[in-house]
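Heads up, model.cif below (mmCIF, C-alpha atoms):
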```
data_run
loop_
_atom_site.label_atom_id
_atom_site.label_comp_id
_atom_site.auth_asym_id
_atom_site.auth_seq_id
_atom_site.Cartn_x
_atom_site.Cartn_y
_atom_site.Cartn_z
CA MET A 187 -35.85 -65.52 -42.67
CA ARG A 188 -37.60 -68.47 -44.38
CA PRO A 189 -37.97 -67.77 -48.14
CA VAL A 190 -41.46 -67.91 -49.57
CA SER A 191 -42.77 -68.25 -53.10
CA ALA A 192 -44.06 -65.21 -54.97
CA ALA A 193 -47.28 -67.16 -55.46
CA SER A 194 -47.80 -67.68 -51.74
CA LYS A 195 -51.43 -68.17 -50.82
CA GLN A 196 -50.92 -65.99 -47.78
CA GLY A 197 -50.54 -62.94 -50.05
CA ILE A 198 -46.78 -62.61 -49.45
CA ALA A 199 -44.28 -62.21 -52.28
CA ALA A 200 -40.50 -62.32 -52.02
CA ASP A 201 -38.87 -60.20 -54.70
CA LEU A 202 -35.14 -60.40 -55.50
CA ILE A 203 -33.86 -57.02 -56.65
CA ALA A 204 -30.44 -56.30 -58.16
CA LEU A 205 -28.70 -52.94 -57.95
CA LEU A 206 -25.90 -53.22 -60.53
CA ALA A 207 -23.51 -50.28 -60.42
CA ALA A 208 -20.79 -49.20 -62.83
CA VAL A 209 -18.74 -46.05 -63.36
CA THR A 210 -18.33 -44.92 -66.96
CA ALA A 211 -16.37 -41.81 -67.93
CA GLY A 212 -16.68 -40.44 -64.42
CA ASP A 213 -20.43 -41.06 -64.18
CA PRO A 214 -21.91 -43.51 -61.64
CA ARG A 215 -24.39 -45.66 -63.52
CA VAL A 216 -27.08 -48.15 -62.55
CA LEU A 217 -28.66 -50.83 -64.75
CA THR A 218 -32.41 -50.29 -65.23
CA ILE A 219 -35.34 -51.89 -67.04
CA GLN A 220 -38.95 -50.88 -67.75
CA ASP A 221 -38.17 -47.52 -69.38
CA GLN A 222 -35.49 -46.79 -66.77
CA ARG A 223 -38.05 -46.90 -63.95
CA ALA A 224 -37.05 -50.20 -62.34
CA LEU A 225 -34.10 -52.25 -61.18
CA PRO A 226 -33.77 -55.82 -62.50
CA SER A 227 -35.86 -58.07 -60.28
CA GLY A 228 -37.96 -61.18 -60.07
CA PRO A 229 -39.76 -63.37 -57.53
CA PHE A 230 -37.97 -65.97 -55.47
CA GLU A 231 -39.22 -69.38 -56.55
CA LEU A 232 -39.05 -72.71 -54.78
CA ALA A 233 -36.99 -74.08 -57.68
CA HIS A 234 -34.17 -71.63 -56.88
CA ARG A 235 -31.36 -73.25 -54.90
CA SER A 236 -30.76 -70.06 -52.89
CA LEU A 237 -31.70 -66.40 -52.82
CA GLN A 238 -28.50 -65.42 -54.64
CA SER A 239 -28.88 -68.10 -57.31
CA GLY A 240 -32.43 -66.88 -57.88
CA LEU A 241 -31.19 -63.33 -58.24
CA ARG A 242 -28.51 -64.38 -60.73
CA ALA A 243 -31.08 -66.30 -62.77
CA TRP A 244 -33.47 -63.35 -62.96
CA VAL A 245 -30.79 -60.79 -63.85
CA GLU A 246 -29.30 -62.97 -66.58
CA ARG A 247 -32.73 -63.69 -68.00
CA GLN A 248 -33.82 -60.06 -68.02
CA THR A 249 -30.58 -58.35 -69.09
CA GLY A 250 -28.29 -61.01 -70.52
CA LEU A 251 -25.63 -59.92 -68.02
CA PRO A 252 -23.91 -62.68 -66.02
CA LEU A 253 -23.39 -61.41 -62.49
CA GLY A 254 -19.92 -61.25 -60.98
CA TYR A 255 -19.40 -59.74 -57.52
CA VAL A 256 -22.62 -59.37 -55.50
CA GLU A 257 -23.43 -58.88 -51.84
CA GLN A 258 -26.75 -58.77 -50.02
CA LEU A 259 -27.83 -55.20 -49.44
CA TYR A 260 -30.97 -55.03 -47.33
CA THR A 261 -34.43 -56.53 -46.92
CA PHE A 262 -37.48 -54.25 -47.07
CA ALA A 263 -40.91 -55.38 -45.92
CA ASP A 264 -42.89 -52.16 -45.31
CA ARG A 265 -46.59 -52.72 -45.93
CA ASP A 266 -47.25 -49.20 -47.17
CA ARG A 267 -44.30 -48.69 -49.53
CA THR A 268 -45.18 -50.86 -52.53
CA GLY A 269 -48.49 -49.36 -53.62
CA SER A 270 -50.24 -52.73 -53.31
CA SER A 271 -52.93 -53.32 -50.71
CA ASP A 272 -53.71 -56.97 -51.53
CA GLN A 273 -50.25 -58.45 -51.16
CA ARG A 274 -47.32 -58.08 -48.77
CA VAL A 275 -44.05 -57.77 -50.68
CA ILE A 276 -40.69 -58.60 -49.10
CA SER A 277 -37.93 -57.02 -51.20
CA ILE A 278 -34.54 -58.70 -50.81
CA SER A 279 -31.97 -56.49 -52.49
CA TYR A 280 -28.42 -57.17 -53.66
CA LEU A 281 -25.60 -54.86 -54.71
CA GLY A 282 -23.41 -55.81 -57.65
CA LEU A 283 -20.35 -54.01 -59.00
CA THR A 284 -19.45 -54.37 -62.66
CA ARG A 285 -18.37 -52.52 -65.80
CA GLU A 286 -20.88 -51.12 -68.22
CA GLN A 287 -21.62 -53.28 -71.24
CA ALA A 288 -24.42 -53.73 -73.75
CA GLN A 289 -27.35 -55.90 -72.65
CA SER A 290 -29.30 -58.47 -74.65
CA GLY A 291 -31.83 -60.02 -72.31
CA GLN A 292 -35.58 -60.41 -72.02
CA TYR A 293 -36.08 -56.70 -71.34
CA GLU A 294 -34.59 -53.63 -72.94
CA ALA A 295 -32.10 -52.79 -70.21
CA SER A 296 -30.16 -49.54 -70.11
CA TRP A 297 -27.52 -47.87 -67.96
CA ARG A 298 -28.46 -44.58 -66.37
CA SER A 299 -26.71 -42.11 -64.10
CA TRP A 300 -27.88 -42.56 -60.53
CA TYR A 301 -27.84 -38.77 -60.18
CA ASP A 302 -30.85 -38.67 -62.53
CA TYR A 303 -32.75 -40.21 -59.61
CA PHE A 304 -30.88 -38.34 -56.86
CA PRO A 305 -29.66 -35.01 -58.32
CA TRP A 306 -29.30 -33.48 -54.84
CA GLU A 307 -26.57 -36.06 -54.06
CA ASP A 308 -24.07 -34.72 -56.63
CA HIS A 309 -21.88 -32.05 -55.01
CA ARG A 310 -18.87 -32.36 -57.31
CA LEU A 311 -19.53 -28.94 -58.81
CA GLY A 312 -20.66 -27.36 -55.56
CA THR A 313 -24.19 -26.84 -54.28
CA PRO A 314 -26.73 -28.62 -56.56
CA PRO A 315 -29.05 -26.26 -58.46
CA MET A 316 -32.19 -27.70 -56.86
CA GLU A 317 -31.21 -26.59 -53.35
CA LYS A 318 -33.66 -23.68 -53.52
CA ALA A 319 -36.53 -26.08 -54.25
CA LEU A 320 -35.37 -28.37 -51.45
CA ARG A 321 -35.18 -25.54 -48.94
CA SER A 322 -38.59 -24.22 -49.96
CA GLY A 323 -40.35 -27.58 -49.86
CA LEU A 324 -38.81 -28.64 -46.56
CA ALA A 325 -39.48 -25.23 -44.99
CA ALA A 326 -43.15 -25.51 -45.97
CA TRP A 327 -43.32 -29.01 -44.50
CA ALA A 328 -41.70 -27.87 -41.26
CA GLY A 329 -44.01 -24.87 -41.03
CA ALA A 330 -47.06 -27.11 -41.40
CA ALA A 331 -46.25 -29.04 -38.21
CA PRO A 332 -48.97 -28.86 -35.54
CA ASP A 333 -46.79 -27.47 -32.73
CA ARG A 334 -43.61 -25.49 -32.11
CA ALA A 335 -41.51 -28.45 -30.94
CA THR A 336 -42.30 -30.48 -34.05
CA ARG A 337 -41.60 -27.51 -36.30
CA ARG A 338 -38.22 -27.04 -34.63
CA ASP A 339 -37.42 -30.75 -34.93
CA ARG A 340 -38.32 -30.82 -38.63
CA ARG A 341 -36.22 -27.74 -39.42
CA GLN A 342 -33.25 -29.21 -37.55
CA ARG A 343 -33.47 -32.58 -39.30
CA ALA A 344 -33.67 -30.94 -42.71
CA ALA A 345 -30.69 -28.69 -41.98
CA MET A 346 -28.53 -31.51 -40.64
CA LEU A 347 -29.30 -33.95 -43.45
CA PHE A 348 -29.07 -31.49 -46.36
CA GLY A 349 -26.24 -29.34 -45.04
CA PHE A 350 -28.31 -26.17 -44.61
CA ASP A 351 -27.43 -23.26 -42.34
CA GLY A 352 -23.80 -24.14 -41.73
CA HIS A 353 -24.24 -27.87 -41.18
CA LEU A 354 -21.70 -30.14 -42.87
CA TRP A 355 -22.83 -32.34 -45.76
CA ASN A 356 -22.45 -36.04 -44.93
CA GLU A 357 -22.33 -37.95 -48.22
CA GLU A 358 -23.26 -41.25 -46.53
CA LEU A 359 -26.76 -40.16 -45.43
CA VAL A 360 -28.35 -40.86 -48.82
CA LEU A 361 -31.17 -43.03 -47.48
CA GLN A 362 -31.96 -40.67 -44.61
CA ARG A 363 -32.33 -37.76 -47.04
CA TYR A 364 -34.60 -39.78 -49.32
CA GLU A 365 -36.71 -40.89 -46.35
CA LEU A 366 -37.07 -37.29 -45.15
CA LEU A 367 -38.32 -36.22 -48.59
CA TYR A 368 -40.72 -39.16 -48.48
CA GLU A 369 -41.97 -38.15 -45.04
CA ALA A 370 -42.37 -34.57 -46.24
CA ARG A 371 -44.33 -35.85 -49.26
CA LEU A 372 -42.04 -34.01 -51.67
CA ILE A 373 -41.48 -36.95 -54.02
CA PRO A 374 -44.05 -38.85 -56.12
CA GLU A 375 -43.50 -42.20 -54.38
CA ALA A 376 -44.96 -40.76 -51.17
CA LEU A 377 -48.24 -39.88 -52.88
CA ARG A 378 -49.10 -43.07 -54.71
CA GLY A 379 -51.64 -44.25 -52.17
CA ASP A 380 -53.55 -40.95 -52.28
CA ARG A 381 -53.43 -39.90 -55.94
CA PRO A 382 -51.63 -42.62 -57.91
CA SER A 383 -52.20 -40.96 -61.28
CA ALA A 384 -51.55 -37.33 -60.34
CA PRO A 385 -48.68 -36.49 -57.96
CA ALA A 386 -49.17 -33.25 -56.08
CA ALA A 387 -47.67 -30.07 -57.47
CA ASP A 388 -45.27 -29.65 -54.55
CA ALA A 389 -43.73 -33.10 -55.23
CA ALA A 390 -43.04 -32.12 -58.82
CA THR A 391 -40.90 -29.22 -57.62
CA ILE A 392 -38.18 -31.60 -56.38
CA PRO A 393 -36.17 -32.87 -59.38
CA GLY A 394 -35.29 -36.55 -59.55
CA ASP A 395 -36.96 -39.32 -61.54
CA PRO A 396 -39.19 -41.70 -59.57
CA MET A 397 -39.04 -45.48 -59.83
CA ILE A 398 -41.61 -48.24 -59.45
CA LEU A 399 -42.55 -49.71 -56.07
CA ASP A 400 -39.71 -49.09 -53.59
CA HIS A 401 -36.84 -49.26 -56.10
CA ARG A 402 -35.56 -45.72 -55.60
CA ARG A 403 -35.35 -46.38 -51.87
CA ILE A 404 -33.28 -49.49 -52.62
CA LEU A 405 -31.04 -47.45 -54.92
CA ALA A 406 -30.53 -44.91 -52.12
CA THR A 407 -29.51 -47.74 -49.80
CA GLY A 408 -26.98 -49.03 -52.32
CA ILE A 409 -25.42 -45.61 -52.92
CA ALA A 410 -25.04 -45.13 -49.17
CA ARG A 411 -23.44 -48.58 -48.82
CA LEU A 412 -20.89 -47.85 -51.55
CA ARG A 413 -20.06 -44.39 -50.20
CA ALA A 414 -19.32 -45.87 -46.81
CA LYS A 415 -17.45 -48.85 -48.20
CA ILE A 416 -14.93 -46.95 -50.34
CA LYS A 417 -13.57 -45.44 -47.13
CA TYR A 418 -12.32 -48.73 -45.77
CA ARG A 419 -12.15 -51.26 -48.62
CA PRO A 420 -10.76 -50.92 -52.19
CA VAL A 421 -14.04 -51.94 -53.85
CA VAL A 422 -13.41 -49.59 -56.79
CA PHE A 423 -11.18 -52.21 -58.43
CA GLU A 424 -14.44 -53.98 -59.38
CA LEU A 425 -15.43 -50.87 -61.36
CA MET A 426 -12.11 -50.02 -63.04
CA PRO A 427 -10.64 -51.41 -66.27
CA ASP A 428 -7.57 -53.63 -66.06
CA THR A 429 -5.28 -50.61 -66.50
CA PHE A 430 -6.04 -46.98 -65.68
CA THR A 431 -4.49 -43.62 -64.90
CA LEU A 432 -4.50 -42.20 -61.38
CA LEU A 433 -6.80 -39.44 -62.59
CA GLN A 434 -9.31 -42.06 -63.81
CA LEU A 435 -9.16 -43.75 -60.41
CA GLN A 436 -9.70 -40.40 -58.68
CA ARG A 437 -12.67 -39.57 -60.93
CA CYS A 438 -14.23 -42.95 -60.14
CA VAL A 439 -14.02 -42.32 -56.39
CA GLU A 440 -15.41 -38.79 -56.83
CA ALA A 441 -18.30 -40.12 -58.93
CA LEU A 442 -19.30 -42.57 -56.21
CA ALA A 443 -18.86 -40.08 -53.36
CA GLY A 444 -20.58 -37.20 -55.13
CA LYS A 445 -17.81 -34.84 -54.01
CA LEU A 446 -14.29 -33.92 -55.04
CA VAL A 447 -11.19 -35.28 -53.34
CA HIS A 448 -7.97 -33.50 -52.54
CA LYS A 449 -5.68 -34.62 -55.37
CA PRO A 450 -2.31 -34.58 -53.53
CA ASN A 451 -3.77 -36.35 -50.50
CA PHE A 452 -5.48 -38.89 -52.72
CA ARG A 453 -2.29 -39.79 -54.57
CA ARG A 454 -0.27 -39.82 -51.37
CA LEU A 455 -2.60 -42.33 -49.75
CA ILE A 456 -2.69 -44.50 -52.86
CA GLU A 457 1.11 -44.59 -52.78
CA GLN A 458 1.36 -45.17 -49.01
CA GLN A 459 -1.03 -48.10 -49.05
CA GLU A 460 0.55 -49.60 -52.17
CA LEU A 461 -2.79 -50.17 -53.86
CA VAL A 462 -1.51 -49.92 -57.42
CA GLU A 463 1.60 -50.64 -59.45
CA ASP A 464 3.03 -49.01 -62.56
CA THR A 465 2.51 -51.07 -65.73
CA GLY A 466 5.31 -49.30 -67.60
CA ALA A 467 2.83 -48.19 -70.27
CA THR A 468 1.24 -44.78 -70.84
CA SER A 469 -2.11 -43.46 -72.05
CA GLN A 470 -2.46 -40.91 -74.83
CA GLU A 471 -6.12 -40.22 -74.02
CA THR A 472 -5.49 -37.47 -71.50
CA GLY A 473 -5.22 -34.75 -74.12
CA GLY A 474 -1.91 -33.50 -72.73
CA ARG A 475 1.24 -35.26 -71.69
CA PRO A 476 1.08 -39.08 -71.74
CA ALA A 477 -0.13 -40.37 -68.37
CA LYS A 478 1.22 -43.47 -66.67
CA LEU A 479 -1.02 -46.51 -66.64
CA PHE A 480 -1.44 -48.42 -63.41
CA ARG A 481 -3.13 -51.62 -62.29
CA PHE A 482 -4.20 -52.85 -58.88
CA ARG A 483 -1.50 -54.91 -57.24
CA ARG A 484 -2.12 -58.64 -57.21
CA ALA A 485 -1.90 -58.62 -53.41
CA VAL A 486 -4.75 -56.11 -53.27
CA LEU A 487 -6.90 -58.29 -55.51
CA ALA A 488 -6.10 -61.36 -53.42
CA GLU A 489 -6.95 -59.57 -50.18
CA ARG A 490 -10.21 -58.01 -51.39
CA ALA A 491 -12.12 -59.39 -48.41
CA ILE A 492 -9.78 -57.88 -45.83
CA ALA A 493 -10.88 -54.56 -44.31
CA GLY A 494 -8.50 -51.74 -43.59
CA THR A 495 -7.53 -50.44 -47.02
CA LYS A 496 -9.27 -47.19 -47.80
CA LEU A 497 -9.50 -44.49 -50.42
CA PRO A 498 -9.67 -40.83 -49.36
CA ILE A 499 -12.78 -38.83 -50.16
CA SER A 500 -12.26 -35.75 -48.01
CA GLY A 501 -13.26 -32.56 -49.77
CA SER A 502 -10.78 -30.46 -51.71
#
```

Same coordinates, now as structure tokens:
Amino acid sequence: MRPVSAASKQGIAADLIALLAAVTAGDPRVLTIQDQRALPSGPFELAHRSLQSGLRAWVERQTGLPLGYVEQLYTFADRDRTGSSDQRVISISYLGLTREQAQSGQYEASWRSWYDYFPWEDHRLGTPPMEKALRSGLAAWAGAAPDRATRRDRRQRAAMLFGFDGHLWNEELVLQRYELLYEARLIPEALRGDRPSAPAADAATIPGDPMILDHRRILATGIARLRAKIKYRPVVFELMPDTFTLLQLQRCVEALAGKLVHKPNFRRLIEQQELVEDTGATSQETGGRPAKLFRFRRAVLAERAIAGTKLPISGS
């Protein structure tokens, strides 16, 4: 795709959007600006050497955070998803993995749990409390379909995506679940074109904070990417401190996946794949017996681009 300036006379803007993720004390966090309603972003300008250099410039300017590891996430160009009728916005998103730290940039940036935006995605303590609202809203949407076949299709899609009626929960289908709620008009973002200042009452029944433009959709895409990626690449080393206990590593994986892992299987796989090595030191922060401190093996860090190493996230 040929980059264009945000000031394009053709009414097209290219926005560079950064999804910066961290895991702090077992909580998956995302860096936000604008009262926690937006991801760091800015327009691609002709002065930028590349898309990624433009992204790095905007993030550092807005948050004071120099970017480390980043990868391109996805490009969105839907005409009806930005709330603007006079300009076409192409959103080029990037995923970055880091460790939470204080910000000091142009905007007041803050870290926030991504489950504040997607509470239905956190299954670590079992079924989320908003399942009743989800079932009710989706059932009403399915029942409002114009014919029997469409009603059946809507009910089946809702059950398969949200794990209703005996269907298994697939933690990777984050974006598909968000898109279904958008289609069903159960979230505020879906109503902006109709009543931008007053979301419908049924949308308010589904918990989860909205974001500006299409930023919550981009966040959903990033969560899905990470949940898939931790199954075949040890990307969590980007999120962990230099030394950690095995329980801290397990909690990090569970935070990203939104579900618990089987502890013996988890530790067995970590040992079999030789992902970590014992530092010889212990941590006193566990509250009980001192726990061994580990670090990722140098070979793992050197081979970070090689696929095939995975972390288990099967349910307990």

Practice prompt. Taking (-22.2, -45.0, -59.2) in the file's own coordinates, collect the residues within 9 Å, counting all atoms listed in the file, and hand them back as number ranges by chain.
Written response: A: 207-210, 212-216, 299-301, 409, 412, 438, 441-444

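Nearest to Arg274 in chain A of all the residues A:Phe262, A:Glu471, A:Gly466, A:Thr336 is A:Phe262, based on all atoms listed in the file.
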
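CA of Gly282 in chain A is positioned 26.0 Å from CA of Leu455 in chain A.
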
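Proximity ranking of A:Ser227, A:Gln470, A:Gln248, A:Ser239 relative to Ile278 in chain A places A:Ser227 first, based on all atoms listed in the file.
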
What separates CA of Lys318 in chain A and CA of Pro393 in chain A is a distance of 11.2 Å

Take range 357-368 of chain A from the preceding structure and save all heavy atoms as a short mmCIF file (atom, residue, chain, number, x, y, z; two decimals), in the first residue's frame.
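Full text of out.cif as output:
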```
data_model
loop_
_atom_site.label_atom_id
_atom_site.label_comp_id
_atom_site.auth_asym_id
_atom_site.auth_seq_id
_atom_site.Cartn_x
_atom_site.Cartn_y
_atom_site.Cartn_z
N GLU A 357 -10.43 -19.00 23.24
CA GLU A 357 -9.89 -17.71 23.70
C GLU A 357 -9.33 -16.86 22.57
O GLU A 357 -9.17 -15.65 22.73
CB GLU A 357 -8.80 -17.93 24.77
CG GLU A 357 -7.51 -18.54 24.26
CD GLU A 357 -7.58 -20.05 24.15
OE1 GLU A 357 -8.61 -20.64 24.55
OE2 GLU A 357 -6.60 -20.65 23.67
N GLU A 358 -9.06 -17.45 21.41
CA GLU A 358 -8.48 -16.68 20.31
C GLU A 358 -9.50 -15.86 19.52
O GLU A 358 -9.12 -14.97 18.76
CB GLU A 358 -7.75 -17.61 19.35
CG GLU A 358 -6.52 -18.28 19.93
CD GLU A 358 -5.79 -19.14 18.91
OE1 GLU A 358 -5.85 -18.79 17.71
OE2 GLU A 358 -5.20 -20.15 19.29
N LEU A 359 -10.78 -16.10 19.69
CA LEU A 359 -11.80 -15.45 18.86
C LEU A 359 -12.25 -14.11 19.44
O LEU A 359 -13.44 -13.77 19.45
CB LEU A 359 -13.00 -16.39 18.68
CG LEU A 359 -12.68 -17.74 18.04
CD1 LEU A 359 -13.94 -18.58 17.90
CD2 LEU A 359 -12.00 -17.56 16.68
N VAL A 360 -11.30 -13.33 19.91
CA VAL A 360 -11.60 -12.05 20.56
C VAL A 360 -12.24 -11.09 19.56
O VAL A 360 -13.26 -10.46 19.85
CB VAL A 360 -10.32 -11.42 21.13
CG1 VAL A 360 -10.66 -10.17 21.95
CG2 VAL A 360 -9.56 -12.42 21.98
N LEU A 361 -11.64 -10.94 18.39
CA LEU A 361 -12.16 -10.00 17.40
C LEU A 361 -13.54 -10.44 16.90
O LEU A 361 -14.43 -9.60 16.73
CB LEU A 361 -11.18 -9.89 16.23
CG LEU A 361 -11.61 -8.95 15.11
CD1 LEU A 361 -11.77 -7.53 15.63
CD2 LEU A 361 -10.59 -8.99 13.96
N GLN A 362 -13.72 -11.74 16.67
CA GLN A 362 -15.02 -12.21 16.18
C GLN A 362 -16.13 -11.92 17.19
O GLN A 362 -17.25 -11.58 16.80
CB GLN A 362 -14.95 -13.71 15.88
CG GLN A 362 -14.12 -14.06 14.66
CD GLN A 362 -12.66 -14.30 14.99
OE1 GLN A 362 -12.13 -13.75 15.95
NE2 GLN A 362 -12.01 -15.16 14.20
N ARG A 363 -15.82 -12.06 18.49
CA ARG A 363 -16.84 -11.77 19.50
C ARG A 363 -17.17 -10.27 19.52
O ARG A 363 -18.34 -9.88 19.61
CB ARG A 363 -16.36 -12.23 20.88
CG ARG A 363 -16.48 -13.74 21.08
CD ARG A 363 -16.15 -14.16 22.49
NE ARG A 363 -14.71 -14.17 22.77
CZ ARG A 363 -13.91 -15.20 22.56
NH1 ARG A 363 -14.39 -16.32 22.05
NH2 ARG A 363 -12.62 -15.14 22.85
N TYR A 364 -16.13 -9.44 19.43
CA TYR A 364 -16.37 -8.00 19.40
C TYR A 364 -17.20 -7.61 18.18
O TYR A 364 -18.14 -6.82 18.26
CB TYR A 364 -15.05 -7.24 19.39
CG TYR A 364 -15.20 -5.75 19.26
CD1 TYR A 364 -15.58 -4.96 20.33
CD2 TYR A 364 -15.02 -5.12 18.01
CE1 TYR A 364 -15.75 -3.59 20.19
CE2 TYR A 364 -15.19 -3.76 17.87
CZ TYR A 364 -15.55 -3.00 18.96
OH TYR A 364 -15.72 -1.64 18.82
N GLU A 365 -16.87 -8.19 17.03
CA GLU A 365 -17.60 -7.87 15.80
C GLU A 365 -19.06 -8.32 15.86
O GLU A 365 -19.94 -7.66 15.32
CB GLU A 365 -16.90 -8.51 14.59
CG GLU A 365 -15.53 -7.94 14.28
CD GLU A 365 -15.60 -6.54 13.67
OE1 GLU A 365 -15.94 -5.59 14.42
OE2 GLU A 365 -15.32 -6.39 12.48
N LEU A 366 -19.31 -9.45 16.55
CA LEU A 366 -20.69 -9.90 16.68
C LEU A 366 -21.48 -8.92 17.56
O LEU A 366 -22.63 -8.59 17.25
CB LEU A 366 -20.74 -11.30 17.29
CG LEU A 366 -22.14 -11.92 17.34
CD1 LEU A 366 -22.66 -12.20 15.93
CD2 LEU A 366 -22.15 -13.21 18.16
N LEU A 367 -20.87 -8.44 18.64
CA LEU A 367 -21.54 -7.46 19.49
C LEU A 367 -21.77 -6.16 18.73
O LEU A 367 -22.78 -5.47 18.94
CB LEU A 367 -20.73 -7.21 20.75
CG LEU A 367 -20.61 -8.39 21.72
CD1 LEU A 367 -19.71 -8.03 22.90
CD2 LEU A 367 -21.98 -8.83 22.23
N TYR A 368 -20.85 -5.82 17.85
CA TYR A 368 -21.01 -4.63 17.01
C TYR A 368 -22.18 -4.84 16.05
O TYR A 368 -23.05 -3.96 15.91
CB TYR A 368 -19.72 -4.37 16.24
CG TYR A 368 -19.70 -3.07 15.46
CD1 TYR A 368 -19.08 -1.94 15.98
CD2 TYR A 368 -20.31 -2.97 14.21
CE1 TYR A 368 -19.06 -0.74 15.27
CE2 TYR A 368 -20.30 -1.79 13.49
CZ TYR A 368 -19.67 -0.67 14.03
OH TYR A 368 -19.67 0.51 13.32
#
```
